[in-house]
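Shown next: input29.cif, given as mmCIF, C-alpha atoms.
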data_final
#
loop_
_atom_site.label_atom_id
_atom_site.label_comp_id
_atom_site.auth_asym_id
_atom_site.auth_seq_id
_atom_site.Cartn_x
_atom_site.Cartn_y
_atom_site.Cartn_z
CA MET F 1 -1.73 -19.04 1.14
CA ALA F 2 -0.45 -15.54 0.38
CA LYS F 3 1.08 -14.03 3.47
CA GLY F 4 2.17 -10.66 2.12
CA PHE F 5 0.26 -7.43 2.31
CA THR F 6 0.99 -3.73 2.18
CA LEU F 7 0.44 -1.49 5.17
CA TRP F 8 0.30 2.06 3.89
CA PHE F 9 0.82 5.00 6.26
CA THR F 10 -0.37 8.38 5.00
CA GLY F 11 -0.40 11.74 6.74
CA LEU F 12 1.34 15.08 7.03
CA SER F 13 5.01 15.50 7.79
CA ALA F 14 5.76 14.73 11.47
CA SER F 15 2.37 13.07 11.96
CA GLY F 16 4.07 9.89 13.19
CA LYS F 17 4.16 7.71 10.06
CA SER F 18 7.77 6.55 10.32
CA THR F 19 7.67 6.09 14.08
CA LEU F 20 4.55 3.94 13.90
CA ALA F 21 5.84 2.07 10.83
CA GLU F 22 9.00 1.08 12.70
CA ARG F 23 7.12 0.00 15.82
CA VAL F 24 4.74 -2.15 13.77
CA ARG F 25 7.66 -3.56 11.79
CA ASP F 26 9.38 -4.64 15.01
CA ILE F 27 6.26 -6.39 16.27
CA LEU F 28 5.75 -8.26 13.00
CA LEU F 29 9.43 -9.23 12.85
CA GLU F 30 9.10 -10.63 16.37
CA ARG F 31 6.21 -12.71 15.10
CA GLY F 32 8.50 -14.23 12.47
CA MET F 33 7.26 -12.36 9.41
CA ASN F 34 9.35 -10.87 6.63
CA VAL F 35 8.84 -7.12 6.79
CA GLU F 36 10.29 -4.19 4.89
CA VAL F 37 9.67 -0.50 5.56
CA LEU F 38 9.72 1.82 2.56
CA ASP F 39 10.11 5.21 4.11
CA GLY F 40 9.43 8.24 1.95
CA ASP F 41 12.81 9.82 2.73
CA VAL F 42 14.75 6.63 2.04
CA VAL F 43 12.89 6.06 -1.21
CA ARG F 44 13.54 9.60 -2.39
CA GLN F 45 17.22 8.86 -1.89
CA ASN F 46 17.29 5.45 -3.57
CA LEU F 47 14.55 5.40 -6.17
CA SER F 48 13.47 8.96 -6.78
CA LYS F 49 16.50 11.22 -6.62
CA GLY F 50 15.88 14.16 -8.91
CA LEU F 51 12.14 14.22 -8.36
CA GLY F 52 10.69 17.34 -6.74
CA PHE F 53 7.45 18.10 -4.97
CA SER F 54 5.13 19.09 -7.80
CA LYS F 55 1.94 17.04 -8.01
CA GLU F 56 3.39 15.14 -10.97
CA ASP F 57 6.65 14.28 -9.22
CA ARG F 58 4.88 13.32 -6.00
CA ASP F 59 2.62 11.00 -7.98
CA ILE F 60 5.61 9.33 -9.68
CA ASN F 61 7.30 8.88 -6.31
CA ILE F 62 4.23 7.26 -4.75
CA ARG F 63 3.74 5.03 -7.79
CA ARG F 64 7.33 3.82 -7.45
CA ILE F 65 6.82 2.98 -3.79
CA GLY F 66 3.65 1.16 -4.82
CA PHE F 67 5.52 -0.78 -7.51
CA VAL F 68 8.08 -2.01 -4.97
CA CYS F 69 5.43 -2.72 -2.29
CA ASN F 70 3.62 -4.83 -4.87
CA LEU F 71 6.74 -6.88 -5.68
CA LEU F 72 7.27 -7.52 -1.98
CA THR F 73 3.61 -8.23 -1.20
CA ARG F 74 3.19 -10.83 -3.92
CA ASN F 75 6.30 -12.60 -2.59
CA ASP F 76 4.92 -13.07 0.92
CA VAL F 77 6.59 -10.01 2.44
CA VAL F 78 4.81 -7.41 4.57
CA ALA F 79 5.61 -4.11 2.82
CA ILE F 80 5.15 -1.01 4.95
CA GLY F 81 4.95 2.26 3.04
CA ALA F 82 5.40 5.46 5.00
CA ALA F 83 5.11 8.55 2.84
CA ILE F 84 2.94 11.68 2.98
CA SER F 85 1.13 10.49 -0.19
CA PRO F 86 -1.23 13.45 -0.22
CA TYR F 87 -3.32 12.52 -3.26
CA LYS F 88 -6.22 10.13 -3.02
CA ALA F 89 -6.11 9.01 -6.65
CA ILE F 90 -2.58 7.61 -6.45
CA ARG F 91 -3.17 5.94 -3.08
CA ASP F 92 -6.21 4.25 -4.61
CA GLU F 93 -4.19 3.31 -7.69
CA ASN F 94 -1.71 1.52 -5.43
CA ARG F 95 -4.60 -0.16 -3.61
CA ARG F 96 -5.96 -1.51 -6.91
CA LEU F 97 -2.51 -2.64 -8.03
CA ILE F 98 -1.66 -4.43 -4.80
CA GLY F 99 -5.01 -5.70 -3.59
CA ARG F 100 -3.93 -6.75 -0.13
CA PHE F 101 -3.64 -3.15 1.05
CA VAL F 102 -4.35 -1.61 4.45
CA VAL F 103 -4.28 2.16 4.91
CA VAL F 104 -3.38 3.81 8.19
CA TYR F 105 -4.29 7.49 8.23
CA CYS F 106 -2.08 9.35 10.70
CA LYS F 107 -4.25 12.27 11.68
CA CYS F 108 -2.75 15.17 13.58
CA ASP F 109 -3.87 18.79 13.86
CA LEU F 110 -1.62 21.46 12.41
CA ASP F 111 -0.99 23.20 15.74
CA THR F 112 0.47 20.03 17.19
CA LEU F 113 2.58 19.47 14.08
CA LYS F 114 3.93 23.00 14.27
CA GLU F 115 4.89 22.42 17.89
CA ARG F 116 6.62 19.11 17.10
CA ASP F 117 8.36 20.28 13.93
CA PRO F 118 11.39 18.01 14.49
CA LYS F 119 13.23 19.24 11.39
CA GLY F 120 12.04 22.86 11.53
CA LEU F 121 10.20 22.33 8.24
CA TYR F 122 6.85 23.81 9.28
CA GLU F 123 8.61 26.93 10.48
CA LYS F 124 10.36 27.29 7.12
CA ALA F 125 7.21 26.49 5.15
CA LEU F 126 5.18 29.06 7.08
CA GLN F 127 7.85 31.66 6.35
CA GLY F 128 7.70 30.75 2.68
CA GLU F 129 11.20 29.30 2.60
CA ILE F 130 9.90 25.89 1.48
CA LYS F 131 7.37 25.78 -1.31
CA ASN F 132 4.87 22.99 -1.97
CA PHE F 133 4.83 21.99 1.68
CA THR F 134 1.92 19.64 2.33
CA GLY F 135 -0.58 21.03 4.83
CA VAL F 136 0.80 24.56 4.57
CA SER F 137 1.16 25.47 0.90
CA ASP F 138 0.22 22.20 -0.79
CA PRO F 139 -2.97 20.13 -0.50
CA TYR F 140 -3.53 16.97 1.53
CA GLU F 141 -6.55 14.83 0.72
CA PRO F 142 -7.46 12.76 3.79
CA PRO F 143 -8.42 9.17 2.99
CA GLU F 144 -12.07 8.23 3.41
CA ASN F 145 -11.41 4.53 3.12
CA ALA F 146 -8.58 4.11 5.63
CA GLU F 147 -8.83 0.82 7.50
CA VAL F 148 -7.23 2.47 10.53
CA VAL F 149 -7.36 6.08 11.65
CA VAL F 150 -4.98 7.08 14.40
CA ASP F 151 -4.95 10.54 15.93
CA THR F 152 -1.39 11.04 17.04
CA ALA F 153 -2.19 14.35 18.71
CA LYS F 154 -4.56 12.59 21.11
CA GLU F 155 -3.35 9.00 21.39
CA ASP F 156 0.04 7.87 22.60
CA ILE F 157 2.20 5.79 20.27
CA GLU F 158 1.40 2.51 22.01
CA ALA F 159 -2.36 3.03 21.63
CA SER F 160 -1.99 3.72 17.91
CA VAL F 161 0.24 0.67 17.46
CA GLN F 162 -2.29 -1.55 19.24
CA LYS F 163 -5.08 -0.24 17.04
CA ILE F 164 -3.10 -1.13 13.91
CA ILE F 165 -2.12 -4.61 15.12
CA ALA F 166 -5.69 -5.34 16.23
CA THR F 167 -7.02 -4.33 12.82
CA LEU F 168 -4.51 -6.58 11.03
CA GLU F 169 -5.58 -9.44 13.28
CA GLN F 170 -9.28 -8.75 12.73
CA MET F 171 -8.72 -8.75 8.96
CA SER F 172 -6.70 -11.98 9.27
CA TYR F 173 -3.61 -10.46 7.69
CA ILE F 174 -1.68 -11.63 10.73
CA PRO F 175 -2.53 -14.42 13.17
CA ALA F 176 -4.33 -13.31 16.32
CA THR F 177 -2.50 -13.71 19.63
CA ASP F 178 -4.28 -13.93 22.96
CA GLY F 179 -1.31 -12.45 24.76
CA ARG F 180 -2.18 -8.84 24.12
CA GLY F 181 -5.80 -8.30 24.93
CA TYR F 182 -7.73 -5.21 23.97
CA SER F 183 -10.46 -3.70 26.03
CA GLU F 184 -13.99 -4.54 24.88
CA GLU F 185 -14.44 -0.92 23.96
CA GLU F 186 -11.30 -0.88 21.76
CA GLU F 187 -12.29 -4.10 20.09
CA GLU F 188 -15.80 -2.88 19.40
CA SER F 189 -14.54 0.38 17.88
CA ILE F 190 -12.18 -1.51 15.55
CA LYS F 191 -14.91 -3.91 14.50
CA GLN F 192 -17.27 -0.99 13.90
CA ARG F 193 -14.71 0.67 11.61
CA LEU F 194 -14.26 -2.53 9.60
CA ARG F 195 -18.04 -3.02 9.42
CA ASP F 196 -18.45 0.56 8.13
CA LEU F 197 -15.95 -0.22 5.38
CA GLY F 198 -17.78 -3.44 4.56
CA TYR F 199 -14.91 -5.75 5.49
CA ILE F 200 -16.71 -7.77 8.17
CA MET N 1 18.37 -19.92 6.81
CA ALA N 2 18.28 -17.15 4.23
CA LYS N 3 16.78 -18.41 1.00
CA GLY N 4 16.98 -15.31 -1.13
CA PHE N 5 19.70 -14.41 -3.57
CA THR N 6 20.11 -12.23 -6.62
CA LEU N 7 20.80 -13.70 -10.04
CA TRP N 8 22.20 -10.91 -12.19
CA PHE N 9 22.18 -11.20 -15.99
CA THR N 10 24.49 -8.83 -17.83
CA GLY N 11 25.24 -8.58 -21.53
CA LEU N 12 24.53 -6.63 -24.68
CA SER N 13 21.05 -5.94 -26.04
CA ALA N 14 19.54 -9.11 -27.58
CA SER N 15 22.19 -11.34 -25.98
CA GLY N 16 19.46 -13.43 -24.36
CA LYS N 17 19.21 -11.96 -20.84
CA SER N 18 15.43 -11.69 -20.62
CA THR N 19 14.79 -15.02 -22.33
CA LEU N 20 17.15 -16.86 -19.98
CA ALA N 21 15.86 -14.92 -16.95
CA GLU N 22 12.30 -16.01 -17.70
CA ARG N 23 13.25 -19.65 -18.27
CA VAL N 24 15.19 -19.76 -15.00
CA ARG N 25 12.33 -18.01 -13.19
CA ASP N 26 9.88 -20.65 -14.39
CA ILE N 27 12.11 -23.48 -13.18
CA LEU N 28 12.57 -21.90 -9.75
CA LEU N 29 8.83 -21.19 -9.47
CA GLU N 30 8.16 -24.84 -10.25
CA ARG N 31 10.49 -25.70 -7.39
CA GLY N 32 8.32 -23.67 -5.04
CA MET N 33 10.51 -20.60 -4.63
CA ASN N 34 9.42 -16.99 -4.62
CA VAL N 35 10.97 -15.38 -7.69
CA GLU N 36 10.78 -11.94 -9.23
CA VAL N 37 12.34 -10.81 -12.52
CA LEU N 38 13.44 -7.20 -12.75
CA ASP N 39 13.83 -6.63 -16.42
CA GLY N 40 15.70 -3.54 -17.56
CA ASP N 41 12.87 -2.39 -19.82
CA VAL N 42 10.19 -2.86 -17.15
CA VAL N 43 12.29 -1.06 -14.57
CA ARG N 44 12.90 1.89 -16.88
CA GLN N 45 9.13 2.17 -17.17
CA ASN N 46 8.33 1.83 -13.47
CA LEU N 47 11.31 3.13 -11.52
CA SER N 48 13.48 5.09 -13.91
CA LYS N 49 11.27 6.99 -16.32
CA GLY N 50 13.07 10.14 -17.32
CA LEU N 51 16.54 8.63 -17.09
CA GLY N 52 18.55 8.44 -20.30
CA PHE N 53 21.57 6.43 -21.40
CA SER N 54 24.48 8.57 -20.25
CA LYS N 55 26.92 6.77 -17.95
CA GLU N 56 25.47 8.65 -15.00
CA ASP N 57 21.85 7.74 -15.80
CA ARG N 58 22.73 4.13 -16.53
CA ASP N 59 24.49 3.91 -13.18
CA ILE N 60 21.46 5.33 -11.35
CA ASN N 61 19.19 2.86 -13.13
CA ILE N 62 21.38 -0.13 -12.21
CA ARG N 63 21.65 1.09 -8.59
CA ARG N 64 17.85 1.25 -8.39
CA ILE N 65 17.51 -2.30 -9.67
CA GLY N 66 20.14 -3.31 -7.11
CA PHE N 67 18.23 -1.54 -4.32
CA VAL N 68 15.05 -3.48 -5.15
CA CYS N 69 16.91 -6.78 -5.65
CA ASN N 70 18.42 -6.28 -2.21
CA LEU N 71 14.99 -5.74 -0.58
CA LEU N 72 13.72 -8.92 -2.21
CA THR N 73 16.84 -10.99 -1.50
CA ARG N 74 16.91 -10.19 2.20
CA ASN N 75 13.27 -11.24 2.41
CA ASP N 76 13.87 -14.75 1.04
CA VAL N 77 12.94 -13.96 -2.54
CA VAL N 78 15.04 -14.90 -5.57
CA ALA N 79 15.53 -11.60 -7.41
CA ILE N 80 16.54 -11.90 -11.05
CA GLY N 81 17.99 -8.76 -12.60
CA ALA N 82 18.20 -8.61 -16.37
CA ALA N 83 19.71 -5.39 -17.64
CA ILE N 84 22.66 -4.57 -19.91
CA SER N 85 24.51 -3.13 -16.89
CA PRO N 86 27.62 -2.29 -18.90
CA TYR N 87 29.78 -0.90 -16.12
CA LYS N 88 31.79 -3.15 -13.84
CA ALA N 89 31.93 -0.73 -10.92
CA ILE N 90 28.16 -0.57 -10.45
CA ARG N 91 27.68 -4.31 -10.88
CA ASP N 92 30.30 -4.81 -8.17
CA GLU N 93 28.61 -2.18 -6.00
CA ASN N 94 25.39 -4.20 -6.20
CA ARG N 95 27.33 -7.36 -5.40
CA ARG N 96 28.75 -5.76 -2.25
CA LEU N 97 25.34 -4.41 -1.24
CA ILE N 98 23.49 -7.68 -1.72
CA GLY N 99 26.12 -10.28 -0.84
CA ARG N 100 24.22 -13.31 -2.10
CA PHE N 101 24.83 -12.37 -5.72
CA VAL N 102 25.40 -14.57 -8.76
CA VAL N 103 26.38 -13.03 -12.10
CA VAL N 104 25.48 -14.59 -15.43
CA TYR N 105 27.42 -13.06 -18.29
CA CYS N 106 25.50 -13.48 -21.53
CA LYS N 107 28.25 -13.44 -24.11
CA CYS N 108 27.38 -13.10 -27.78
CA ASP N 109 29.43 -11.81 -30.70
CA LEU N 110 28.32 -8.64 -32.42
CA ASP N 111 27.70 -10.28 -35.80
CA THR N 112 25.16 -12.64 -34.26
CA LEU N 113 23.51 -9.78 -32.40
CA LYS N 114 23.23 -7.74 -35.59
CA GLU N 115 21.59 -10.72 -37.28
CA ARG N 116 19.13 -11.23 -34.44
CA ASP N 117 18.33 -7.55 -33.89
CA PRO N 118 14.71 -8.27 -32.84
CA LYS N 119 13.84 -4.59 -32.38
CA GLY N 120 15.99 -3.23 -35.21
CA LEU N 121 18.10 -1.35 -32.67
CA TYR N 122 21.52 -2.43 -33.93
CA GLU N 123 20.58 -1.32 -37.41
CA LYS N 124 19.56 2.10 -36.10
CA ALA N 125 22.62 2.37 -33.85
CA LEU N 126 24.98 1.51 -36.71
CA GLN N 127 23.33 4.19 -38.83
CA GLY N 128 23.80 6.68 -36.02
CA GLU N 129 20.08 7.04 -35.34
CA ILE N 130 20.49 5.85 -31.74
CA LYS N 131 23.29 7.32 -29.69
CA ASN N 132 24.94 5.72 -26.65
CA PHE N 133 24.09 2.23 -27.86
CA THR N 134 26.05 -0.33 -25.87
CA GLY N 135 28.41 -2.39 -27.99
CA VAL N 136 28.18 0.00 -30.94
CA SER N 137 28.70 3.53 -29.68
CA ASP N 138 28.89 3.00 -25.93
CA PRO N 139 31.24 0.78 -23.90
CA TYR N 140 30.54 -2.62 -22.37
CA GLU N 141 32.87 -3.90 -19.68
CA PRO N 142 32.65 -7.72 -19.58
CA PRO N 143 32.64 -9.15 -16.06
CA GLU N 144 35.74 -11.03 -14.96
CA ASN N 145 34.08 -12.47 -11.89
CA ALA N 146 30.88 -13.89 -13.41
CA GLU N 147 29.86 -17.14 -11.74
CA VAL N 148 28.35 -18.29 -15.03
CA VAL N 149 29.36 -17.43 -18.58
CA VAL N 150 26.97 -18.47 -21.31
CA ASP N 151 27.71 -17.96 -24.97
CA THR N 152 24.32 -17.58 -26.57
CA ALA N 153 25.78 -17.52 -30.07
CA LYS N 154 27.13 -21.04 -29.63
CA GLU N 155 24.89 -22.72 -27.03
CA ASP N 156 21.18 -23.26 -27.32
CA ILE N 157 18.88 -21.79 -24.67
CA GLU N 158 18.41 -25.07 -22.86
CA ALA N 159 22.16 -25.62 -22.48
CA SER N 160 22.60 -22.13 -21.00
CA VAL N 161 19.68 -22.65 -18.63
CA GLN N 162 21.13 -25.96 -17.42
CA LYS N 163 24.50 -24.34 -16.81
CA ILE N 164 22.86 -21.66 -14.65
CA ILE N 165 20.73 -24.10 -12.67
CA ALA N 166 23.70 -26.42 -12.12
CA THR N 167 25.79 -23.52 -10.81
CA LEU N 168 23.06 -22.46 -8.38
CA GLU N 169 22.87 -26.05 -7.15
CA GLN N 170 26.64 -26.33 -6.81
CA MET N 171 26.71 -23.11 -4.79
CA SER N 172 23.80 -24.39 -2.66
CA TYR N 173 21.58 -21.44 -3.51
CA ILE N 174 18.94 -23.94 -4.57
CA PRO N 175 18.54 -27.56 -3.52
CA ALA N 176 20.04 -30.10 -5.90
CA THR N 177 17.66 -32.44 -7.71
CA ASP N 178 18.74 -35.78 -9.10
CA GLY N 179 16.10 -35.64 -11.78
CA ARG N 180 18.09 -33.49 -14.16
CA GLY N 181 21.54 -34.99 -14.48
CA TYR N 182 24.40 -33.21 -16.15
CA SER N 183 27.13 -34.91 -18.10
CA GLU N 184 30.38 -35.45 -16.23
CA GLU N 185 32.01 -33.00 -18.58
CA GLU N 186 29.41 -30.28 -17.88
CA GLU N 187 29.66 -30.83 -14.16
CA GLU N 188 33.46 -30.68 -14.22
CA SER N 189 33.46 -27.45 -16.23
CA ILE N 190 31.04 -25.82 -13.77
CA LYS N 191 33.10 -26.97 -10.80
CA GLN N 192 36.27 -25.69 -12.46
CA ARG N 193 34.68 -22.26 -12.95
CA LEU N 194 33.65 -22.09 -9.29
CA ARG N 195 37.11 -23.28 -8.18
CA ASP N 196 38.73 -20.55 -10.29
CA LEU N 197 36.57 -17.98 -8.54
CA GLY N 198 37.49 -19.47 -5.17
CA TYR N 199 33.95 -20.55 -4.27
CA ILE N 200 34.63 -24.26 -3.84
#
Can you turn what I pasted into structure tokens?
Amino acid sequence: MAKGFTLWFTGLSASGKSTLAERVRDILLERGMNVEVLDGDVVRQNLSKGLGFSKEDRDINIRRIGFVCNLLTRNDVVAIGAAISPYKAIRDENRRLIGRFVVVYCKCDLDTLKERDPKGLYEKALQGEIKNFTGVSDPYEPPENAEVVVDTAKEDIEASVQKIIATLEQMSYIPATDGRGYSEEEEESIKQRLRDLGYI
Amino acid sequence: MAKGFTLWFTGLSASGKSTLAERVRDILLERGMNVEVLDGDVVRQNLSKGLGFSKEDRDINIRRIGFVCNLLTRNDVVAIGAAISPYKAIRDENRRLIGRFVVVYCKCDLDTLKERDPKGLYEKALQGEIKNFTGVSDPYEPPENAEVVVDTAKEDIEASVQKIIATLEQMSYIPATDGRGYSEEEEESIKQRLRDLGYI
């Protein structure tokens, strides 16, 4: 039985993608799985140096992450992609390539992101010092087919993590554990989401 | 126990890297392992489009293959790299990064390569139509620390494959099978090579 799959985090800068990716990675590692996080920043360093932030270069970058996630996934590894990946078409291309593909949309309103702004990037983008900054001067196309939607402005990290793990269990990508326990309300909302998408 | 390792084929164009890589892949797949071949041409398409054949671009390309081989290796996959990889320093950099790293040097004299010339590249390179062609107008630094040396001008494919498999068994990267059986002479020459390198 294939054990690998790709968990794909998409969302604006500072929306919580890397933080959530690392938390989920740790939980899956504890459960004995092979897991690899492909973080947008790390990938730009190792696979995409020289690429910029035009639509074309962003697409190439996201395709490369998808190529590597696919190699890992088909070899029984859980590949976790965490990159802004603003364009729907390329996310869907990766979904078609990989097959076993779960999208987590990290929603967060712009005001909250501007307040967080851990690297001061929103400030610079708003002052025009950074061009092609997603959400400010460059488009972001929210996914309509995300298996999980987390709102990191409203939920705490732990709630978002639990939502993701519960979804992976519901979809049988990872074995269910009784240990954790979700409230009936949480479980019903996850099931409803998966029913809406036609998965269950 | 970690099961992954990287098997790195290096040698001139048409020296037999891809052919041997695919044969070895098939044998390891038959033995139930997870295996992935990263062929130089495929990687240039998927991870390194836009890079040329200057020393700098070649180095970046080989580093990228090493980065992906490392992700696979540390997740229990056998990663097989098959790229000219002419420069010693970058091959050794990948060795240091990955650790579990076995080099196969595909030796072949230039006359034989010119005769083979499946894509007509040597012909073009000799006529100056292709620049930076390794072995003709660009350097190749043979590895001194290759765990396996195959001479594809003198050995047939099956002999080279057996030499590689026997070395992997001797180094305990793959379980030994009795089924195959090497001659005493073959086995002694493999052991001698590994003794010279200080492995056994």
Quick one: which residues from chain N are at most 6 Å off chain F, using all atoms listed in the file, as an MDAnalysis selection string?
chainID N and resid 34 47 64 75
Selection under test: the PyMOL selection byres ((chain N and resi 11) around 12); residues as number ranges by chain
N: 8-10, 12-18, 20, 40, 81-88, 91, 103-110, 113, 134-135, 139-143, 146, 149-152
Just how far from atom CA of F:Val136 is atom CA of F:Lys119, in Å to one decimal?
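Taking atom CA of F:Lys119 and atom CA of F:Val136, their separation equals 15.1 Å.
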Within 10 Å of N:Ser54, counting only C-alpha atoms, which residues show up once you throw out same-chain ones fewer than 6 positions away? Write them as a PyMOL selection string, please.
chain N and resi 60+131-133+138
Exactly which residues make up the result of the PyMOL selection byres ((chain F and resi 199) around 12) on this file, given as a list in words?
Val102, Asn145, Ala146, Glu147, Thr167, Leu168, Gln170, Met171, Ser172, Ile190, Lys191, Gln192, Arg193, Leu194, Arg195, Asp196, Leu197, Gly198 and Ile200 of chain F
Residues in the PyMOL selection byres ((chain F and resi 101) around 8), expressed as a ChimeraX atom specification
/F:5-8,95,98-100,102-103
Spatial neighbours of N:Val161, 9 Å, all atoms listed in the file, chain gap at least 5 places, as a ChimeraX atom specification:
/N:20-21,23-24,150,156,166
Would you list the contacts of N:Asp111 as a PDB file with C-alpha atoms, keeping the file's coordinate frame, taking every protein, DNA or RNA residue within 10 Å and counting only C-alpha atoms, but skipping same-chain residues closer than 5 positions in sequence?
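Done, and the output landed in out_16.pdb:
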ATOM      1  CA  ARG N 116      19.130 -11.230 -34.440  1.00  0.00           C
ATOM      2  CA  ASP N 117      18.330  -7.550 -33.890  1.00  0.00           C
ATOM      3  CA  ALA N 153      25.780 -17.520 -30.070  1.00  0.00           C
TER       4      ALA N 153
END
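In this model, the gap between atom CA of N:Ala2 and atom CA of N:Ala176 comes to 16.5 Å.
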Mind rebuilding stretch 72-90 of chain N with N, CA and C atoms and writing that out as a short mmCIF file (atom, residue, chain, number, x, y, z; two decimals), in the frame of the given file?
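Result file follows (selection_10.cif):
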data_model
loop_
_atom_site.label_atom_id
_atom_site.label_comp_id
_atom_site.auth_asym_id
_atom_site.auth_seq_id
_atom_site.Cartn_x
_atom_site.Cartn_y
_atom_site.Cartn_z
N LEU N 72 14.31 -7.61 -1.98
CA LEU N 72 13.72 -8.92 -2.21
C LEU N 72 14.61 -10.01 -1.63
N THR N 73 15.91 -9.94 -1.93
CA THR N 73 16.84 -10.99 -1.50
C THR N 73 16.82 -11.16 0.02
N ARG N 74 16.85 -10.05 0.74
CA ARG N 74 16.91 -10.19 2.20
C ARG N 74 15.58 -10.62 2.80
N ASN N 75 14.56 -10.72 1.96
CA ASN N 75 13.27 -11.24 2.41
C ASN N 75 12.95 -12.59 1.76
N ASP N 76 14.02 -13.36 1.48
CA ASP N 76 13.87 -14.75 1.04
C ASP N 76 13.34 -14.92 -0.38
N VAL N 77 13.40 -13.86 -1.16
CA VAL N 77 12.94 -13.96 -2.54
C VAL N 77 14.15 -14.09 -3.46
N VAL N 78 14.02 -14.88 -4.53
CA VAL N 78 15.04 -14.90 -5.57
C VAL N 78 14.78 -13.73 -6.51
N ALA N 79 15.67 -12.75 -6.52
CA ALA N 79 15.53 -11.60 -7.41
C ALA N 79 16.39 -11.84 -8.64
N ILE N 80 15.78 -11.71 -9.81
CA ILE N 80 16.54 -11.90 -11.05
C ILE N 80 16.61 -10.57 -11.78
N GLY N 81 17.80 -10.01 -11.87
CA GLY N 81 17.99 -8.76 -12.60
C GLY N 81 18.43 -9.07 -14.02
N ALA N 82 17.82 -8.41 -14.97
CA ALA N 82 18.20 -8.61 -16.37
C ALA N 82 18.29 -7.25 -17.03
N ALA N 83 19.50 -6.71 -17.05
CA ALA N 83 19.71 -5.39 -17.64
C ALA N 83 21.13 -5.36 -18.21
N ILE N 84 21.34 -4.60 -19.26
CA ILE N 84 22.66 -4.57 -19.91
C ILE N 84 23.76 -4.37 -18.87
N SER N 85 23.56 -3.44 -17.97
CA SER N 85 24.51 -3.13 -16.89
C SER N 85 25.96 -3.18 -17.37
N PRO N 86 26.33 -2.22 -18.22
CA PRO N 86 27.62 -2.29 -18.90
C PRO N 86 28.83 -2.00 -18.02
N TYR N 87 28.61 -1.34 -16.89
CA TYR N 87 29.78 -0.90 -16.12
C TYR N 87 30.06 -1.80 -14.92
N LYS N 88 31.32 -2.24 -14.87
CA LYS N 88 31.79 -3.15 -13.84
C LYS N 88 31.60 -2.58 -12.42
N ALA N 89 31.93 -1.31 -12.27
CA ALA N 89 31.93 -0.73 -10.92
C ALA N 89 30.54 -0.83 -10.27
N ILE N 90 29.50 -0.56 -11.04
CA ILE N 90 28.16 -0.57 -10.45
C ILE N 90 27.66 -2.00 -10.22
#
